[in-house]
Structure formats: structure tokens, C-alpha cells
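So this block is upload.cif, mmCIF, C-alpha atoms and all ligand atoms; chains and numbers go by the auth columns:
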```
data_query
loop_
_atom_site.group_PDB
_atom_site.id
_atom_site.type_symbol
_atom_site.label_atom_id
_atom_site.label_comp_id
_atom_site.label_asym_id
_atom_site.label_seq_id
_atom_site.Cartn_x
_atom_site.Cartn_y
_atom_site.Cartn_z
_atom_site.B_iso_or_equiv
_atom_site.auth_seq_id
_atom_site.auth_asym_id
ATOM 1 C CA MET A 1 28.755 -34.808 33.069 0.00 1 A
ATOM 2 C CA LEU A 2 28.244 -31.079 33.490 0.00 2 A
ATOM 3 C CA ILE A 3 25.729 -30.092 36.164 0.00 3 A
ATOM 4 C CA ASP A 4 24.777 -26.522 37.036 0.00 4 A
ATOM 5 C CA THR A 5 24.037 -26.827 40.766 0.00 5 A
ATOM 6 C CA HIS A 6 22.786 -23.254 41.163 0.00 6 A
ATOM 7 C CA ALA A 7 20.870 -21.368 38.480 0.00 7 A
ATOM 8 C CA HIS A 8 17.799 -19.151 38.759 0.00 8 A
ATOM 9 C CA LEU A 9 16.582 -19.984 35.267 0.00 9 A
ATOM 10 C CA PHE A 10 13.008 -19.038 36.205 0.00 10 A
ATOM 11 C CA ALA A 11 14.110 -15.395 36.635 0.00 11 A
ATOM 12 C CA PRO A 12 12.387 -12.707 34.498 0.00 12 A
ATOM 13 C CA GLN A 13 15.713 -12.160 32.679 0.00 13 A
ATOM 14 C CA PHE A 14 15.058 -15.428 30.775 0.00 14 A
ATOM 15 C CA LYS A 15 11.435 -14.821 29.980 0.00 15 A
ATOM 16 C CA GLU A 16 12.040 -13.938 26.325 0.00 16 A
ATOM 17 C CA ASP A 17 14.325 -16.799 25.349 0.00 17 A
ATOM 18 C CA THR A 18 13.947 -19.684 27.816 0.00 18 A
ATOM 19 C CA GLU A 19 13.885 -22.343 25.099 0.00 19 A
ATOM 20 C CA GLU A 20 16.993 -21.113 23.286 0.00 20 A
ATOM 21 C CA MET A 21 18.802 -20.669 26.605 0.00 21 A
ATOM 22 C CA VAL A 22 18.000 -24.255 27.708 0.00 22 A
ATOM 23 C CA LYS A 23 19.025 -25.524 24.284 0.00 23 A
ATOM 24 C CA ARG A 24 22.372 -23.738 24.526 0.00 24 A
ATOM 25 C CA ALA A 25 22.943 -25.309 27.959 0.00 25 A
ATOM 26 C CA GLN A 26 22.149 -28.796 26.655 0.00 26 A
ATOM 27 C CA GLU A 27 24.393 -28.263 23.620 0.00 27 A
ATOM 28 C CA ALA A 28 27.193 -27.236 25.983 0.00 28 A
ATOM 29 C CA GLY A 29 26.761 -30.604 27.720 0.00 29 A
ATOM 30 C CA VAL A 30 24.770 -29.545 30.791 0.00 30 A
ATOM 31 C CA LYS A 31 22.670 -32.540 31.890 0.00 31 A
ATOM 32 C CA TRP A 32 20.592 -30.873 34.581 0.00 32 A
ATOM 33 C CA VAL A 33 20.363 -27.785 36.794 0.00 33 A
ATOM 34 C CA VAL A 34 19.241 -27.013 40.342 0.00 34 A
ATOM 35 C CA LEU A 35 16.817 -24.076 40.574 0.00 35 A
ATOM 36 C CA PRO A 36 17.236 -22.368 43.961 0.00 36 A
ATOM 37 C CA ASN A 37 14.024 -20.631 44.933 0.00 37 A
ATOM 38 C CA ILE A 38 14.187 -16.929 45.912 0.00 38 A
ATOM 39 C CA ASP A 39 10.899 -15.870 47.529 0.00 39 A
ATOM 40 C CA SER A 40 7.137 -16.524 47.316 0.00 40 A
ATOM 41 C CA SER A 41 6.837 -14.855 43.910 0.00 41 A
ATOM 42 C CA SER A 42 9.362 -17.212 42.284 0.00 42 A
ATOM 43 C CA ILE A 43 7.683 -20.468 43.416 0.00 43 A
ATOM 44 C CA GLU A 44 5.220 -20.581 40.541 0.00 44 A
ATOM 45 C CA PRO A 45 7.649 -19.753 37.704 0.00 45 A
ATOM 46 C CA MET A 46 10.122 -22.246 39.208 0.00 46 A
ATOM 47 C CA PHE A 47 7.597 -25.111 39.172 0.00 47 A
ATOM 48 C CA GLN A 48 6.469 -24.089 35.675 0.00 48 A
ATOM 49 C CA LEU A 49 10.010 -24.391 34.399 0.00 49 A
ATOM 50 C CA HIS A 50 10.302 -27.820 36.016 0.00 50 A
ATOM 51 C CA GLN A 51 7.051 -28.878 34.376 0.00 51 A
ATOM 52 C CA LYS A 52 8.395 -27.837 31.007 0.00 52 A
ATOM 53 C CA TYR A 53 11.763 -29.548 31.546 0.00 53 A
ATOM 54 C CA PRO A 54 11.062 -32.300 34.117 0.00 54 A
ATOM 55 C CA ASP A 55 14.390 -34.096 33.564 0.00 55 A
ATOM 56 C CA PHE A 56 16.504 -30.977 33.321 0.00 56 A
ATOM 57 C CA ALA A 57 15.387 -28.308 35.818 0.00 57 A
ATOM 58 C CA TYR A 58 14.866 -29.332 39.442 0.00 58 A
ATOM 59 C CA PRO A 59 13.134 -27.094 42.006 0.00 59 A
ATOM 60 C CA THR A 60 14.111 -26.345 45.606 0.00 60 A
ATOM 61 C CA MET A 61 12.298 -24.533 48.406 0.00 61 A
ATOM 62 C CA GLY A 62 13.617 -21.641 50.432 0.00 62 A
ATOM 63 C CA LEU A 63 13.764 -17.929 51.073 0.00 63 A
ATOM 64 C CA HIS A 64 16.876 -16.091 49.872 0.00 64 A
ATOM 65 C CA PRO A 65 18.641 -14.283 52.758 0.00 65 A
ATOM 66 C CA CYS A 66 18.373 -10.984 50.884 0.00 66 A
ATOM 67 C CA SER A 67 14.583 -11.437 50.973 0.00 67 A
ATOM 68 C CA ALA A 68 14.550 -12.678 54.569 0.00 68 A
ATOM 69 C CA GLY A 69 15.329 -9.412 56.328 0.00 69 A
ATOM 70 C CA GLY A 70 11.800 -8.430 57.293 0.00 70 A
ATOM 71 C CA ASP A 71 9.015 -10.222 59.100 0.00 71 A
ATOM 72 C CA ASN A 72 9.112 -13.464 57.167 0.00 72 A
ATOM 73 C CA GLN A 73 6.960 -15.777 59.294 0.00 73 A
ATOM 74 C CA ARG A 74 4.114 -15.867 56.800 0.00 74 A
ATOM 75 C CA THR A 75 6.397 -16.569 53.855 0.00 75 A
ATOM 76 C CA LEU A 76 8.203 -19.337 55.731 0.00 76 A
ATOM 77 C CA SER A 77 4.897 -20.940 56.754 0.00 77 A
ATOM 78 C CA GLU A 78 3.750 -20.790 53.143 0.00 78 A
ATOM 79 C CA MET A 79 6.960 -22.475 51.995 0.00 79 A
ATOM 80 C CA GLU A 80 6.583 -25.124 54.679 0.00 80 A
ATOM 81 C CA GLN A 81 3.458 -26.375 52.884 0.00 81 A
ATOM 82 C CA TYR A 82 5.682 -27.595 50.043 0.00 82 A
ATOM 83 C CA LEU A 83 8.129 -29.626 52.105 0.00 83 A
ATOM 84 C CA ASP A 84 6.601 -33.006 51.274 0.00 84 A
ATOM 85 C CA ASP A 85 6.473 -32.150 47.562 0.00 85 A
ATOM 86 C CA ALA A 86 8.387 -34.931 45.794 0.00 86 A
ATOM 87 C CA ARG A 87 9.561 -32.548 43.073 0.00 87 A
ATOM 88 C CA LEU A 88 11.954 -30.770 45.461 0.00 88 A
ATOM 89 C CA ILE A 89 15.633 -31.640 45.175 0.00 89 A
ATOM 90 C CA ALA A 90 16.992 -29.335 47.932 0.00 90 A
ATOM 91 C CA ILE A 91 16.246 -26.727 50.584 0.00 91 A
ATOM 92 C CA GLY A 92 17.292 -23.149 49.796 0.00 92 A
ATOM 93 C CA GLU A 93 18.518 -20.825 48.811 0.00 93 A
ATOM 94 C CA THR A 94 19.103 -19.779 52.395 0.00 94 A
ATOM 95 C CA GLY A 95 21.959 -18.436 54.519 0.00 95 A
ATOM 96 C CA ILE A 96 23.275 -15.071 55.638 0.00 96 A
ATOM 97 C CA ASP A 97 24.093 -11.970 53.590 0.00 97 A
ATOM 98 C CA LEU A 98 25.687 -9.065 55.443 0.00 98 A
ATOM 99 C CA TYR A 99 26.961 -7.378 52.291 0.00 99 A
ATOM 100 C CA TRP A 100 23.676 -5.705 51.418 0.00 100 A
ATOM 101 C CA ASP A 101 22.235 -5.185 54.894 0.00 101 A
ATOM 102 C CA LYS A 102 23.801 -5.822 58.289 0.00 102 A
ATOM 103 C CA THR A 103 20.791 -4.643 60.298 0.00 103 A
ATOM 104 C CA THR A 104 18.628 -7.633 59.396 0.00 104 A
ATOM 105 C CA LEU A 105 20.919 -10.320 60.799 0.00 105 A
ATOM 106 C CA GLU A 106 18.430 -11.520 63.438 0.00 106 A
ATOM 107 C CA ASN A 107 15.646 -12.142 60.915 0.00 107 A
ATOM 108 C CA GLN A 108 18.065 -13.766 58.487 0.00 108 A
ATOM 109 C CA LEU A 109 19.345 -16.056 61.239 0.00 109 A
ATOM 110 C CA GLN A 110 15.836 -17.056 62.236 0.00 110 A
ATOM 111 C CA SER A 111 15.020 -17.920 58.647 0.00 111 A
ATOM 112 C CA PHE A 112 18.297 -19.813 58.145 0.00 112 A
ATOM 113 C CA ARG A 113 17.675 -21.916 61.260 0.00 113 A
ATOM 114 C CA ARG A 114 14.210 -22.803 60.082 0.00 114 A
ATOM 115 C CA HIS A 115 15.653 -23.950 56.738 0.00 115 A
ATOM 116 C CA ILE A 116 18.186 -26.086 58.603 0.00 116 A
ATOM 117 C CA SER A 117 15.361 -27.841 60.450 0.00 117 A
ATOM 118 C CA TRP A 118 13.526 -28.349 57.132 0.00 118 A
ATOM 119 C CA ALA A 119 16.649 -29.949 55.669 0.00 119 A
ATOM 120 C CA LYS A 120 16.779 -32.378 58.580 0.00 120 A
ATOM 121 C CA GLU A 121 13.085 -33.102 58.396 0.00 121 A
ATOM 122 C CA THR A 122 13.110 -33.772 54.642 0.00 122 A
ATOM 123 C CA GLN A 123 16.629 -35.249 54.460 0.00 123 A
ATOM 124 C CA LEU A 124 17.256 -32.911 51.527 0.00 124 A
ATOM 125 C CA PRO A 125 20.586 -31.129 50.977 0.00 125 A
ATOM 126 C CA ILE A 126 20.730 -27.441 51.795 0.00 126 A
ATOM 127 C CA ASN A 127 21.805 -24.729 49.370 0.00 127 A
ATOM 128 C CA ILE A 128 23.699 -22.089 51.352 0.00 128 A
ATOM 129 C CA HIS A 129 24.303 -18.478 50.390 0.00 129 A
ATOM 130 C CA SER A 130 26.924 -16.656 52.434 0.00 130 A
ATOM 131 C CA ARG A 131 28.208 -13.188 51.677 0.00 131 A
ATOM 132 C CA ASP A 132 30.428 -11.298 54.126 0.00 132 A
ATOM 133 C CA ALA A 133 29.150 -13.799 56.690 0.00 133 A
ATOM 134 C CA LEU A 134 31.049 -17.041 56.204 0.00 134 A
ATOM 135 C CA GLU A 135 32.086 -17.331 59.851 0.00 135 A
ATOM 136 C CA ILE A 136 28.500 -17.027 61.138 0.00 136 A
ATOM 137 C CA THR A 137 27.183 -19.360 58.451 0.00 137 A
ATOM 138 C CA ILE A 138 29.778 -22.047 59.143 0.00 138 A
ATOM 139 C CA ASP A 139 29.098 -21.654 62.876 0.00 139 A
ATOM 140 C CA GLU A 140 25.370 -22.257 62.434 0.00 140 A
ATOM 141 C CA ILE A 141 25.956 -25.388 60.350 0.00 141 A
ATOM 142 C CA SER A 142 28.573 -26.665 62.829 0.00 142 A
ATOM 143 C CA ARG A 143 26.131 -26.358 65.674 0.00 143 A
ATOM 144 C CA ALA A 144 23.353 -28.073 63.746 0.00 144 A
ATOM 145 C CA GLN A 145 25.440 -30.811 62.112 0.00 145 A
ATOM 146 C CA ASP A 146 24.455 -34.120 63.694 0.00 146 A
ATOM 147 C CA GLY A 147 25.335 -36.200 60.679 0.00 147 A
ATOM 148 C CA ASN A 148 22.010 -35.512 58.980 0.00 148 A
ATOM 149 C CA LEU A 149 22.939 -32.313 57.159 0.00 149 A
ATOM 150 C CA SER A 150 24.503 -32.116 53.739 0.00 150 A
ATOM 151 C CA GLY A 151 24.673 -29.536 51.018 0.00 151 A
ATOM 152 C CA VAL A 152 26.619 -26.864 49.211 0.00 152 A
ATOM 153 C CA PHE A 153 28.159 -23.542 50.217 0.00 153 A
ATOM 154 C CA HIS A 154 27.216 -21.893 46.960 0.00 154 A
ATOM 155 C CA CYS A 155 29.429 -19.343 45.189 0.00 155 A
ATOM 156 C CA PHE A 156 32.245 -20.190 47.533 0.00 156 A
ATOM 157 C CA THR A 157 35.058 -17.685 48.060 0.00 157 A
ATOM 158 C CA GLY A 158 36.844 -18.235 51.333 0.00 158 A
ATOM 159 C CA SER A 159 40.115 -18.670 53.161 0.00 159 A
ATOM 160 C CA PRO A 160 42.073 -21.915 53.540 0.00 160 A
ATOM 161 C CA GLU A 161 40.789 -22.189 57.132 0.00 161 A
ATOM 162 C CA GLU A 162 37.191 -21.872 55.934 0.00 162 A
ATOM 163 C CA VAL A 163 37.784 -24.479 53.238 0.00 163 A
ATOM 164 C CA LYS A 164 38.980 -26.882 55.909 0.00 164 A
ATOM 165 C CA LYS A 165 35.999 -26.198 58.182 0.00 165 A
ATOM 166 C CA ILE A 166 33.508 -26.759 55.368 0.00 166 A
ATOM 167 C CA ARG A 167 35.239 -29.970 54.327 0.00 167 A
ATOM 168 C CA ASP A 168 35.148 -31.183 57.937 0.00 168 A
ATOM 169 C CA LEU A 169 31.406 -30.466 58.033 0.00 169 A
ATOM 170 C CA GLY A 170 30.961 -32.782 55.052 0.00 170 A
ATOM 171 C CA PHE A 171 29.696 -30.005 52.810 0.00 171 A
ATOM 172 C CA MET A 172 30.585 -29.268 49.191 0.00 172 A
ATOM 173 C CA MET A 173 31.745 -25.928 47.823 0.00 173 A
ATOM 174 C CA GLY A 174 30.009 -24.475 44.774 0.00 174 A
ATOM 175 C CA ILE A 175 32.549 -23.054 42.312 0.00 175 A
ATOM 176 C CA GLY A 176 31.167 -20.375 40.025 0.00 176 A
ATOM 177 C CA GLY A 177 32.134 -17.496 37.752 0.00 177 A
ATOM 178 C CA VAL A 178 34.448 -15.924 40.352 0.00 178 A
ATOM 179 C CA VAL A 179 36.995 -18.598 39.404 0.00 179 A
ATOM 180 C CA THR A 180 37.445 -16.790 36.066 0.00 180 A
ATOM 181 C CA PHE A 181 37.859 -13.315 37.574 0.00 181 A
ATOM 182 C CA LYS A 182 41.264 -11.691 37.777 0.00 182 A
ATOM 183 C CA ASN A 183 41.965 -11.194 41.500 0.00 183 A
ATOM 184 C CA GLY A 184 38.958 -13.399 42.342 0.00 184 A
ATOM 185 C CA GLY A 185 41.293 -15.234 44.718 0.00 185 A
ATOM 186 C CA LEU A 186 39.706 -18.634 44.120 0.00 186 A
ATOM 187 C CA ASP A 187 42.737 -19.926 42.201 0.00 187 A
ATOM 188 C CA LYS A 188 44.692 -19.864 45.453 0.00 188 A
ATOM 189 C CA VAL A 189 42.311 -22.123 47.399 0.00 189 A
ATOM 190 C CA LEU A 190 40.912 -24.346 44.655 0.00 190 A
ATOM 191 C CA LYS A 191 43.559 -27.068 45.149 0.00 191 A
ATOM 192 C CA LEU A 192 42.707 -27.108 48.844 0.00 192 A
ATOM 193 C CA VAL A 193 38.994 -27.377 48.126 0.00 193 A
ATOM 194 C CA GLY A 194 39.886 -30.465 46.147 0.00 194 A
ATOM 195 C CA LEU A 195 38.047 -32.162 43.332 0.00 195 A
ATOM 196 C CA GLU A 196 36.185 -34.433 45.752 0.00 196 A
ATOM 197 C CA ASN A 197 34.599 -31.439 47.519 0.00 197 A
ATOM 198 C CA MET A 198 33.503 -29.226 44.669 0.00 198 A
ATOM 199 C CA VAL A 199 30.476 -28.849 42.436 0.00 199 A
ATOM 200 C CA LEU A 200 30.057 -26.354 39.600 0.00 200 A
ATOM 201 C CA GLU A 201 27.445 -23.634 39.288 0.00 201 A
ATOM 202 C CA THR A 202 26.650 -20.453 37.385 0.00 202 A
ATOM 203 C CA ASP A 203 24.274 -18.532 39.717 0.00 203 A
ATOM 204 C CA ALA A 204 22.571 -17.403 36.473 0.00 204 A
ATOM 205 C CA PRO A 205 21.428 -14.750 35.652 0.00 205 A
ATOM 206 C CA TYR A 206 24.075 -13.214 37.937 0.00 206 A
ATOM 207 C CA LEU A 207 27.851 -13.473 38.134 0.00 207 A
ATOM 208 C CA ALA A 208 28.682 -14.380 34.544 0.00 208 A
ATOM 209 C CA PRO A 209 32.194 -15.761 34.067 0.00 209 A
ATOM 210 C CA ALA A 210 34.808 -13.957 31.980 0.00 210 A
ATOM 211 C CA PRO A 211 34.632 -13.064 29.101 0.00 211 A
ATOM 212 C CA HIS A 212 30.901 -12.486 29.710 0.00 212 A
ATOM 213 C CA ARG A 213 31.432 -10.693 33.023 0.00 213 A
ATOM 214 C CA GLY A 214 28.767 -8.046 33.687 0.00 214 A
ATOM 215 C CA LYS A 215 26.350 -9.557 31.164 0.00 215 A
ATOM 216 C CA ARG A 216 23.487 -11.989 31.740 0.00 216 A
ATOM 217 C CA ASN A 217 24.751 -15.355 32.912 0.00 217 A
ATOM 218 C CA GLU A 218 23.243 -18.659 31.745 0.00 218 A
ATOM 219 C CA SER A 219 23.741 -22.363 32.393 0.00 219 A
ATOM 220 C CA ALA A 220 25.739 -22.985 29.196 0.00 220 A
ATOM 221 C CA PHE A 221 28.550 -20.965 30.784 0.00 221 A
ATOM 222 C CA VAL A 222 29.128 -23.661 33.419 0.00 222 A
ATOM 223 C CA LYS A 223 31.385 -25.153 30.736 0.00 223 A
ATOM 224 C CA ILE A 224 33.652 -22.087 30.965 0.00 224 A
ATOM 225 C CA ILE A 225 33.811 -22.566 34.737 0.00 225 A
ATOM 226 C CA ALA A 226 34.767 -26.233 34.290 0.00 226 A
ATOM 227 C CA GLU A 227 37.466 -25.313 31.774 0.00 227 A
ATOM 228 C CA LYS A 228 38.946 -22.654 34.045 0.00 228 A
ATOM 229 C CA SER A 229 38.875 -25.024 37.036 0.00 229 A
ATOM 230 C CA ALA A 230 40.653 -27.649 34.929 0.00 230 A
ATOM 231 C CA GLU A 231 43.339 -25.129 34.017 0.00 231 A
ATOM 232 C CA ILE A 232 43.895 -24.078 37.651 0.00 232 A
ATOM 233 C CA LEU A 233 43.937 -27.628 38.968 0.00 233 A
ATOM 234 C CA GLY A 234 46.094 -28.948 36.125 0.00 234 A
ATOM 235 C CA GLU A 235 43.501 -31.591 35.289 0.00 235 A
ATOM 236 C CA SER A 236 41.698 -32.403 32.067 0.00 236 A
ATOM 237 C CA PHE A 237 38.314 -30.850 31.325 0.00 237 A
ATOM 238 C CA VAL A 238 36.798 -34.335 31.098 0.00 238 A
ATOM 239 C CA HIS A 239 38.076 -35.289 34.547 0.00 239 A
ATOM 240 C CA ILE A 240 36.700 -32.089 36.120 0.00 240 A
ATOM 241 C CA LYS A 241 33.371 -32.615 34.393 0.00 241 A
ATOM 242 C CA ASP A 242 33.114 -36.239 35.532 0.00 242 A
ATOM 243 C CA LYS A 243 34.194 -35.694 39.143 0.00 243 A
ATOM 244 C CA THR A 244 32.048 -32.620 39.772 0.00 244 A
ATOM 245 C CA GLY A 245 29.159 -34.405 38.051 0.00 245 A
ATOM 246 C CA GLU A 246 29.549 -37.380 40.393 0.00 246 A
ATOM 247 C CA ASN A 247 29.657 -35.015 43.373 0.00 247 A
ATOM 248 C CA ALA A 248 26.479 -33.283 42.240 0.00 248 A
ATOM 249 C CA LEU A 249 24.742 -36.646 41.867 0.00 249 A
ATOM 250 C CA LYS A 250 25.906 -37.622 45.339 0.00 250 A
ATOM 251 C CA VAL A 251 24.865 -34.459 47.136 0.00 251 A
ATOM 252 C CA PHE A 252 21.529 -34.067 45.344 0.00 252 A
ATOM 253 C CA LYS A 253 20.885 -37.842 45.507 0.00 253 A
ATOM 254 C CA LYS A 254 19.775 -38.077 41.932 0.00 254 A
HETATM 255 NI NI NI B . 21.561 -17.697 44.018 0.00 301 B
#
```

Translate this structure into C-alpha cells?
Amino acid sequence: MLIDTHAHLFAPQFKEDTEEMVKRAQEAGVKWVVLPNIDSSSIEPMFQLHQKYPDFAYPTMGLHPCSAGGDNQRTLSEMEQYLDDARLIAIGETGIDLYWDKTTLENQLQSFRRHISWAKETQLPINIHSRDALEITIDEISRAQDGNLSGVFHCFTGSPEEVKKIRDLGFMMGIGGVVTFKNGGLDKVLKLVGLENMVLETDAPYLAPAPHRGKRNESAFVKIIAEKSAEILGESFVHIKDKTGENALKVFKK
């Protein structure tokens, strides 16, 4: 089955046509999606979407690294209140982003480490964002991995060495729209990632796959990502869909 393991479907970009957008996803074969939280303002719309589609859209709890640059103690404490909420399927989105702002690394790290301890406490998988910071991110997970951490390096684009490290850590790699980009580079490492270590995602509303690149992304497009992955790996679409679906079930314990 097709699972979108990373989609911000509660974002304002979907406000006008949520129902049609969800319908298109379901018609494309998407069984369920993971909704990675962004900041305190997205908590309510995220839970509302889950309430509307309880068997389709599953919430998570976390502070996006791009929103974690300032003094985030209050926000993190607020999020901590939700940790025993049975609706949550994962911790995140968290991680490190040095593409947009390198000066906030310390605050981002502090936030990331707190999310790691939440993941251990709740036994939930962790949804990791890493941009221009894969080495630091992998390092943090390596140090914390005591057998109780699992999760996904979302929107993965890395080197063969990084693929190996992430596999050794027992984490999955989230394959998204980049796989359809010319010069995206993912085609070269996808075989190494291996079908047993990958899940599919859109990162909607961002990062739409070709031929929709630059436009609003949505969960239905995870089918395009599966098709492109099948082409690169020389496997059938059905096989890709089934294996990545099984992986998603395994990591998100559904
Ligand atoms: Ni995201």
C-alpha cells in the first residue's frame, strides 16, 4: 500500500480544498499519512485534521528545526504536555537545518536532544529533518542510540557513506520528490538505500515531484515518487508500494 510518511496537510495552503485533496490522495491509493507538526500554531489544525480523518491522517509532536532557532523552552514545555496523547504516531519534525541559518545551531541542538529523549520516553519513532547538517544529525542519533530509537531521516539526500551509517543505526530513509529531479543525485544512492530501508513521502505542500516541481505538493503525488523509485530500482510499482508500505507500518507501529 502507498503511505505518505511526511505531509503537512494541515498547512494553510490546503485550507480551501482539504476534502478534494484528501480524496485525490485516496483515489491515488494512499492509505494513510503522517502529519509532522511544525510549531505551536500548527498543533490545533493538525489535531483537527486527524479528527476529520481519524483513519487517514495521524498526528505527531515536535518543533521544526527552522522554528527552533530562538528561545524555545516554553514551546517545548507546551509540547511536552501532549506526550502521553494516544493520538500521536511519532515525535517530530525535529533535527538540524543549517541551510537557512547557521547561527542558531546551539538552540536547534538543544531542541533536537529534547525530542530524542521524548522518543525514548514514549517509544515513538522520530521524524528527522536534516539539511546541510547530515553529519551532525547522524552523530547525535549515534550517540543516543541505545536500541530504543527508531525513525526516519526524512527527505533523504546523502552520500553512500551516510546511507550506510543510517542503515547501521536502524533508521529508515524517507524518499521524496527529489528522486524525480534531474541532478537530484538520489538515483545514484537509491540501490544502496535498499528497498528494506526506505519509506515514501511527499513533504507536502513543499517539494513537489516533477512534473509538478515548483507547484503545491500533495499526498496524491506520492504515487509519482513510487513510480520513479520503481524505475530507478528496476522493480515493479506494486513491489515498491508493498515493501515501502510494510516498512511504514513497521516503523510507525500501526
Ligand atoms: Ni517537513

Discussion item. Between A:Leu195, A:Ile96, A:Ile116, A:Leu35, which residue has the minimum interatomic distance to Ser236 in chain A, considering only C-alpha atoms?
Written reply: A:Leu195

Discussion item. With only C-alpha atoms as the counted atoms, please give the residues lying no more than 9 Å from Met79 in chain A, apart from itself and same-chain residues fewer than 5 positions off, as a ChimeraX atom specification.
Written reply: /A:39-40,43,61-63,74

Item to complete: Report as a ChimeraX atom specification the full result of the PyMOL selection byres (((not hetatm)) within 8 of (chain B and resi 301)) when it is applied to this structure.
Response: /A:6-8,36,38,64,93,129,154,203-204,206

Can those selected residues be exported to a file as an mmCIF file, in the coordinates of the input so that it contains C-alpha atoms?
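Saved to result09.cif:
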```cif
data_model
loop_
_atom_site.group_PDB
_atom_site.id
_atom_site.type_symbol
_atom_site.label_atom_id
_atom_site.label_comp_id
_atom_site.auth_asym_id
_atom_site.auth_seq_id
_atom_site.Cartn_x
_atom_site.Cartn_y
_atom_site.Cartn_z
ATOM 1 C CA HIS A 6 22.786 -23.254 41.163
ATOM 2 C CA ALA A 7 20.870 -21.368 38.480
ATOM 3 C CA HIS A 8 17.799 -19.151 38.759
ATOM 4 C CA PRO A 36 17.236 -22.368 43.961
ATOM 5 C CA ILE A 38 14.187 -16.929 45.912
ATOM 6 C CA HIS A 64 16.876 -16.091 49.872
ATOM 7 C CA GLU A 93 18.518 -20.825 48.811
ATOM 8 C CA HIS A 129 24.303 -18.478 50.390
ATOM 9 C CA HIS A 154 27.216 -21.893 46.960
ATOM 10 C CA ASP A 203 24.274 -18.532 39.717
ATOM 11 C CA ALA A 204 22.571 -17.403 36.473
ATOM 12 C CA TYR A 206 24.075 -13.214 37.937
#
```

Practice prompt. Given the file shown, determine the residues that the PyMOL selection byres (((chain A and resi 199) around 7) and not hetatm) selects; report them as a ChimeraX atom specification.
Written response: /A:5,172-175,198,200-201,244,247-248

Worksheet item: Hey, which of A:Pro65, A:Gly147, A:Pro209, A:Gly95 ends up closest to Gly176 in chain A? Count all atoms listed in the file.
Response: A:Pro209

Can you sort out the box for range 243-250 of chain A, edges along x, y and z, all listed atoms in, 5 Å on every side, with centre and edge lengths in Å to one decimal, as JSON?
```
{"center_x": 29.5, "center_y": -35.1, "center_z": 41.7, "size_x": 19.5, "size_y": 15.0, "size_z": 17.3}
```

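Listed by chain and then by number, the residues chosen by the PyMOL selection byres (((chain A and resi 50) around 12) and not hetatm) in this file are A:His8, A:Leu9, A:Phe10, A:Val22, A:Trp32, A:Val33, A:Val34, A:Leu35, A:Pro36, A:Ile43, A:Glu44, A:Pro45, A:Met46, A:Phe47, A:Gln48, A:Leu49, A:Gln51, A:Lys52, A:Tyr53, A:Pro54, A:Asp55, A:Phe56, A:Ala57, A:Tyr58, A:Pro59, A:Thr60, A:Arg87, A:Leu88, A:Ile89.
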
Worksheet item: Out of A:Val179, A:Arg24, A:Phe252, A:Leu105, which residue has the shortest atom-to-atom distance to Gly151 in chain A when counting all atoms listed in the file?
Response: A:Phe252

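Taking only C-alpha atoms into account, Leu2 in chain A lies nearest to A:Thr202 out of the set A:Thr202, A:Gln110, A:Val251, A:Ser117.
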
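For the pair CA of Glu235 in chain A and CA of Lys23 in chain A, the interatomic distance is 27.5 Å.
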